[in-house]
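A short worksheet on the structure shown next.
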Amino acid sequence: MNQKEIIENIILQYPICEYYFGKRDELIFSDKVWYICEQDCERYGHSWACPPHCGVLKELISKCLDYSYFCLFSTVTETENAWDKKANLSVKKQHEEITKNIRDELKKELPDFYVLSTGCTECEACACPDEPCRHPEGRLSSMESHGILVMQTVEEVGLTFCYGGDTIVYFSMILFNDKISRK
């Protein structure tokens with residue numbers, strides 16, 4: 001079995017809505033992503049998994065470019081009110097839990113891969129920037145923190161990001177390299 005097949009077998013054990021396997025050159029990167037985060041995201045400067053405290057953007061992009069392939073997947077949840085921040089956070093935590101479970105399963109099967117998601121939900125309030133991360137082993141960094149234009153990439157590869165109404169969609173990504181054989 002190659003890595004793609006291993007990943008596919010694992011993610012299909014979870015309530016994934018859609019997924020897409022692609023080559024690294026299909027990912028859309030921009031050094032402007034952090035500016036967008038700074039302007040539009042309340043987590044900017046308040047999370048070890050997000051800009052600007054997550055590392056050096058150029059190095060994070062380079063880390064992604066060390067992998068040849070990716071799997072982008074989504075979870076979709078209907079809520080009573082998609083504009084309710086509390087409902088969004090609850091759904092985001094569910095998505096992150098699924099992503100962490102997938103990551104843990106992949107650790108048993110693959111020698112090298114990298115998982116990005118929507119950003120860490122380990123703690124009710126992140127210790128950033130005053131104290132070190134309390135759960136670095138559990139933390140998932142956001143795709144945006146690595147310079148990925150998520151919505152443009154999602155649209156470009158043909159995944160659905162809007163189901164209308166009170167539906168919330170979250171995405172995660174597994175970066176991996178070429179084939180390995182399993183008997």
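We name chains A, B, ... following the order of the structure tokens; residues begin at 1 in each chain, and ligands are numbered from 1 as shown.
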
**Message:** Show me, as a PyMOL selection string, the residues that have an atom within 10 Å of Asn88 of chain A when counting only C-alpha atoms, minus same-chain residues fewer than 6 positions from it.
**Reply:** chain A and resi 77+79+81-82+94+167-170

**Message:** Taking 2 positions as the minimum chain separation for residues in the same chain, which residues sit within 12 Å of Pro51 of chain A when counting only C-alpha atoms? Answer as a ChimeraX atom specification.
**Reply:** /A:31-49,53-57,60,119,128-129,141-147

Please return, as a compact mmCIF listing (two decimals) with N, CA, C and O atoms, in the first residue's frame, all residues of segment 29-68 of chain A that DSSP assigns to helix (DSSP H, G or I) on the basis of the backbone.
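After the write, states29.txt holds the following:
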# COMPACT_ATOMS: atom_id res chain seq x y z
N VAL A 33 -0.80 36.26 3.48
CA VAL A 33 -1.77 35.59 4.35
C VAL A 33 -1.70 36.13 5.77
O VAL A 33 -2.73 36.36 6.40
N TRP A 34 -0.50 36.34 6.27
CA TRP A 34 -0.38 36.83 7.65
C TRP A 34 -1.01 38.22 7.81
O TRP A 34 -1.56 38.53 8.85
N TYR A 35 -0.92 39.03 6.77
CA TYR A 35 -1.57 40.35 6.83
C TYR A 35 -3.09 40.18 6.94
O TYR A 35 -3.74 40.86 7.72
N ILE A 36 -3.62 39.24 6.17
CA ILE A 36 -5.06 38.96 6.23
C ILE A 36 -5.42 38.49 7.63
O ILE A 36 -6.42 38.93 8.23
N CYS A 37 -4.60 37.59 8.19
CA CYS A 37 -4.83 37.12 9.57
C CYS A 37 -4.83 38.28 10.55
O CYS A 37 -5.70 38.38 11.42
N GLU A 38 -3.86 39.16 10.41
CA GLU A 38 -3.74 40.30 11.33
C GLU A 38 -4.97 41.19 11.26
O GLU A 38 -5.45 41.68 12.29
N GLN A 39 -5.52 41.36 10.07
CA GLN A 39 -6.67 42.24 9.90
C GLN A 39 -8.00 41.59 10.30
O GLN A 39 -8.88 42.26 10.82
N ASP A 40 -8.12 40.27 10.06
CA ASP A 40 -9.43 39.63 10.18
C ASP A 40 -9.59 38.58 11.27
O ASP A 40 -10.71 38.12 11.50
N LEU A 57 7.47 32.78 8.66
CA LEU A 57 6.63 32.40 7.53
C LEU A 57 7.41 31.71 6.42
O LEU A 57 6.99 30.65 5.92
N LYS A 58 8.54 32.25 6.05
CA LYS A 58 9.34 31.66 4.97
C LYS A 58 9.74 30.22 5.32
O LYS A 58 9.70 29.34 4.47
N GLU A 59 10.10 29.97 6.57
CA GLU A 59 10.49 28.62 7.00
C GLU A 59 9.28 27.68 7.03
O GLU A 59 9.40 26.50 6.72
N LEU A 60 8.12 28.21 7.42
CA LEU A 60 6.90 27.39 7.46
C LEU A 60 6.45 27.00 6.05
O LEU A 60 6.04 25.85 5.82
N ILE A 61 6.54 27.94 5.12
CA ILE A 61 6.23 27.62 3.72
C ILE A 61 7.22 26.57 3.21
O ILE A 61 6.83 25.59 2.57
N SER A 62 8.49 26.74 3.53
CA SER A 62 9.53 25.80 3.11
C SER A 62 9.25 24.40 3.67
O SER A 62 9.45 23.40 2.98
N LYS A 63 8.76 24.34 4.91
CA LYS A 63 8.43 23.04 5.51
C LYS A 63 7.35 22.34 4.68
O LYS A 63 7.42 21.14 4.43
N CYS A 64 6.35 23.08 4.24
CA CYS A 64 5.30 22.51 3.39
C CYS A 64 5.87 22.03 2.06
O CYS A 64 5.48 20.98 1.55
N LEU A 65 6.80 22.79 1.53
CA LEU A 65 7.39 22.46 0.23
C LEU A 65 8.32 21.25 0.30
O LEU A 65 8.73 20.71 -0.73

If we count only C-alpha atoms and set the cut-off at 8 Å, which residues sit around Leu159 of chain A, ignoring sequence neighbours fewer than 5 positions away in its own chain? Please answer as a short mmCIF file (atom, residue, chain, number, x, y, z; two decimals) with all heavy atoms, in the first residue's frame.
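Output contents, as saved in out21.cif:
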data_model
loop_
_atom_site.label_atom_id
_atom_site.label_comp_id
_atom_site.auth_asym_id
_atom_site.auth_seq_id
_atom_site.Cartn_x
_atom_site.Cartn_y
_atom_site.Cartn_z
N GLU A 18 -15.72 15.68 2.28
CA GLU A 18 -15.03 15.57 0.99
C GLU A 18 -13.54 15.50 1.26
O GLU A 18 -13.06 15.97 2.29
CB GLU A 18 -15.27 16.81 0.13
CG GLU A 18 -16.64 16.97 -0.44
CD GLU A 18 -16.71 18.18 -1.36
OE1 GLU A 18 -16.46 19.31 -0.88
OE2 GLU A 18 -17.03 18.00 -2.54
N TYR A 19 -12.80 14.96 0.29
CA TYR A 19 -11.35 15.00 0.38
C TYR A 19 -10.77 15.05 -1.02
O TYR A 19 -11.42 14.68 -1.99
CB TYR A 19 -10.79 13.83 1.19
CG TYR A 19 -11.04 12.46 0.61
CD1 TYR A 19 -10.06 11.81 -0.14
CD2 TYR A 19 -12.25 11.80 0.83
CE1 TYR A 19 -10.29 10.54 -0.66
CE2 TYR A 19 -12.48 10.54 0.33
CZ TYR A 19 -11.49 9.91 -0.42
OH TYR A 19 -11.72 8.66 -0.93
N TYR A 20 -9.54 15.50 -1.08
CA TYR A 20 -8.86 15.67 -2.37
C TYR A 20 -7.37 15.38 -2.17
O TYR A 20 -6.77 15.92 -1.24
CB TYR A 20 -9.05 17.10 -2.88
CG TYR A 20 -8.30 17.39 -4.16
CD1 TYR A 20 -8.86 17.08 -5.39
CD2 TYR A 20 -7.04 17.96 -4.13
CE1 TYR A 20 -8.18 17.33 -6.57
CE2 TYR A 20 -6.34 18.21 -5.31
CZ TYR A 20 -6.92 17.89 -6.52
OH TYR A 20 -6.24 18.14 -7.68
N VAL A 154 -8.94 25.57 -1.93
CA VAL A 154 -10.15 24.74 -1.89
C VAL A 154 -10.95 24.93 -3.18
O VAL A 154 -11.38 23.95 -3.81
CB VAL A 154 -11.02 25.09 -0.65
CG1 VAL A 154 -12.42 24.53 -0.76
CG2 VAL A 154 -10.34 24.60 0.62
#

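A straight line drawn from atom CA of Glu80 of chain A to atom CA of Thr99 of chain A is 23.5 Å long.
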
**Item:** Which of segment 17-167 of chain A DSSP labels strand (DSSP E or B), written as a list of chain:residue names
**Value:** A:Tyr19, A:Tyr20, A:Phe21, A:Gly22, A:Lys23, A:Phe29, A:Tyr69, A:Phe70, A:Cys71, A:Leu72, A:Phe73, A:Ser74, A:Thr75, A:Val76, A:Thr77, A:Glu78, A:Phe113, A:Tyr114, A:Val115, A:Leu116, A:Ser117, A:Ser142, A:Ile148, A:Thr167

**Request:** Can you pull out every residue within 12 Å of Gln3 of chain A, counting only C-alpha atoms, but drop anything in the same chain fewer than 2 positions away, and send it as a VMD selection string?
**Result:** chain A and resid 1 5 to 10 21 68 to 71 106 to 107 109 to 113 174 to 182

Suppose we keep N, CA, C and O atoms; can you now write the selection as a short mmCIF file (atom, residue, chain, number, x, y, z; two decimals), in the first residue's frame?
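Saved to result-v4.cif:
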data_model
loop_
_atom_site.label_atom_id
_atom_site.label_comp_id
_atom_site.auth_asym_id
_atom_site.auth_seq_id
_atom_site.Cartn_x
_atom_site.Cartn_y
_atom_site.Cartn_z
N MET A 1 0.84 -1.18 0.00
CA MET A 1 0.00 0.00 0.00
C MET A 1 0.89 1.25 0.00
O MET A 1 1.88 1.30 0.71
N GLU A 5 -2.96 5.58 -0.21
CA GLU A 5 -3.93 4.55 0.17
C GLU A 5 -4.05 4.44 1.69
O GLU A 5 -5.15 4.28 2.22
N ILE A 6 -2.93 4.54 2.38
CA ILE A 6 -2.95 4.49 3.85
C ILE A 6 -3.75 5.66 4.39
O ILE A 6 -4.62 5.49 5.26
N ILE A 7 -3.48 6.85 3.89
CA ILE A 7 -4.20 8.05 4.34
C ILE A 7 -5.68 7.92 4.05
O ILE A 7 -6.52 8.18 4.91
N GLU A 8 -6.01 7.50 2.84
CA GLU A 8 -7.41 7.36 2.45
C GLU A 8 -8.13 6.36 3.35
O GLU A 8 -9.25 6.61 3.82
N ASN A 9 -7.50 5.23 3.62
CA ASN A 9 -8.11 4.22 4.50
C ASN A 9 -8.38 4.78 5.89
O ASN A 9 -9.41 4.48 6.50
N ILE A 10 -7.47 5.60 6.38
CA ILE A 10 -7.64 6.17 7.73
C ILE A 10 -8.71 7.25 7.75
O ILE A 10 -9.60 7.24 8.60
N PHE A 21 -6.82 14.55 -3.04
CA PHE A 21 -5.38 14.32 -3.06
C PHE A 21 -4.79 15.13 -4.20
O PHE A 21 -5.31 15.10 -5.32
N SER A 68 5.77 16.30 -1.15
CA SER A 68 5.39 16.27 -2.57
C SER A 68 3.88 16.29 -2.80
O SER A 68 3.42 16.72 -3.85
N TYR A 69 3.12 15.80 -1.81
CA TYR A 69 1.68 15.62 -2.01
C TYR A 69 0.92 16.12 -0.78
O TYR A 69 1.48 16.30 0.29
N PHE A 70 -0.39 16.29 -0.98
CA PHE A 70 -1.25 16.66 0.13
C PHE A 70 -2.61 15.99 -0.01
O PHE A 70 -3.03 15.62 -1.11
N CYS A 71 -3.26 15.88 1.12
CA CYS A 71 -4.67 15.47 1.16
C CYS A 71 -5.40 16.56 1.93
O CYS A 71 -5.06 16.87 3.07
N LEU A 106 -2.28 8.06 11.77
CA LEU A 106 -1.22 8.14 10.77
C LEU A 106 0.15 7.89 11.38
O LEU A 106 1.03 7.29 10.74
N LYS A 107 0.35 8.32 12.62
CA LYS A 107 1.64 8.11 13.30
C LYS A 107 1.98 6.63 13.39
O LYS A 107 3.16 6.26 13.40
N GLU A 109 1.31 4.44 11.10
CA GLU A 109 1.46 3.87 9.76
C GLU A 109 2.52 4.54 8.87
O GLU A 109 3.06 3.89 7.98
N LEU A 110 2.75 5.83 9.06
CA LEU A 110 3.62 6.56 8.14
C LEU A 110 4.88 7.07 8.84
O LEU A 110 4.81 7.54 9.97
N PRO A 111 6.00 7.03 8.13
CA PRO A 111 7.25 7.50 8.72
C PRO A 111 7.36 9.03 8.79
O PRO A 111 8.02 9.57 9.67
N ASP A 112 6.70 9.71 7.86
CA ASP A 112 6.85 11.17 7.80
C ASP A 112 5.63 11.78 7.13
O ASP A 112 5.26 11.40 6.02
N PHE A 113 5.02 12.74 7.81
CA PHE A 113 3.89 13.50 7.26
C PHE A 113 3.75 14.73 8.13
O PHE A 113 4.38 14.85 9.18
N ILE A 174 -3.17 17.09 5.17
CA ILE A 174 -2.07 16.17 5.47
C ILE A 174 -1.07 16.31 4.34
O ILE A 174 -1.41 16.08 3.17
N LEU A 175 0.15 16.70 4.66
CA LEU A 175 1.22 16.77 3.67
C LEU A 175 2.06 15.50 3.82
O LEU A 175 2.33 15.06 4.93
N PHE A 176 2.43 14.90 2.68
CA PHE A 176 3.18 13.65 2.73
C PHE A 176 4.05 13.52 1.48
O PHE A 176 3.92 14.29 0.55
N ASN A 177 4.93 12.52 1.51
CA ASN A 177 5.79 12.28 0.37
C ASN A 177 5.33 11.04 -0.40
O ASN A 177 4.20 10.61 -0.25
N ASP A 178 6.21 10.50 -1.17
CA ASP A 178 5.86 9.46 -2.14
C ASP A 178 5.47 8.14 -1.50
O ASP A 178 5.08 8.07 -0.36
N LYS A 179 5.59 7.13 -2.24
CA LYS A 179 5.09 5.80 -1.90
C LYS A 179 5.96 5.08 -0.86
O LYS A 179 7.16 5.28 -0.80
N ILE A 180 5.29 4.26 -0.08
CA ILE A 180 5.98 3.27 0.73
C ILE A 180 5.24 1.96 0.52
O ILE A 180 4.05 1.95 0.19
N SER A 181 5.90 0.87 0.66
CA SER A 181 5.25 -0.44 0.47
C SER A 181 4.88 -1.03 1.82
O SER A 181 5.64 -0.95 2.76
N ARG A 182 3.72 -1.61 1.87
CA ARG A 182 3.23 -2.33 3.06
C ARG A 182 2.74 -3.69 2.59
O ARG A 182 2.09 -3.79 1.56
#

**Prompt:** From the list A:Cys120, A:Val76, A:Ile98, A:Phe29, which residue is nearest Thr160 of chain A when using only C-alpha atoms?
**Reply:** A:Val76

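Pairwise distance (atom CA of Gln152 of chain A, atom CA of Phe171 of chain A) equals 12.4 Å.
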
**Message:** Show me, as a list in words, the residues that have an atom within 8 Å of Leu27 of chain A when counting only C-alpha atoms, minus same-chain residues fewer than 2 positions from it.
**Reply:** Lys23, Arg24, Asp25, Phe29, Ile148, Leu149 and Thr153 of chain A

**Fill in**
The distance between atom CA of Leu72 of chain A and atom CA of Met173 of chain A is 4.5 Å

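Minimum atom-to-atom distances from A:Trp83, A:Asp166, A:Ala125, A:Lys100 to Glu137 of chain A were compared using only C-alpha atoms, and the lowest value belongs to A:Lys100.
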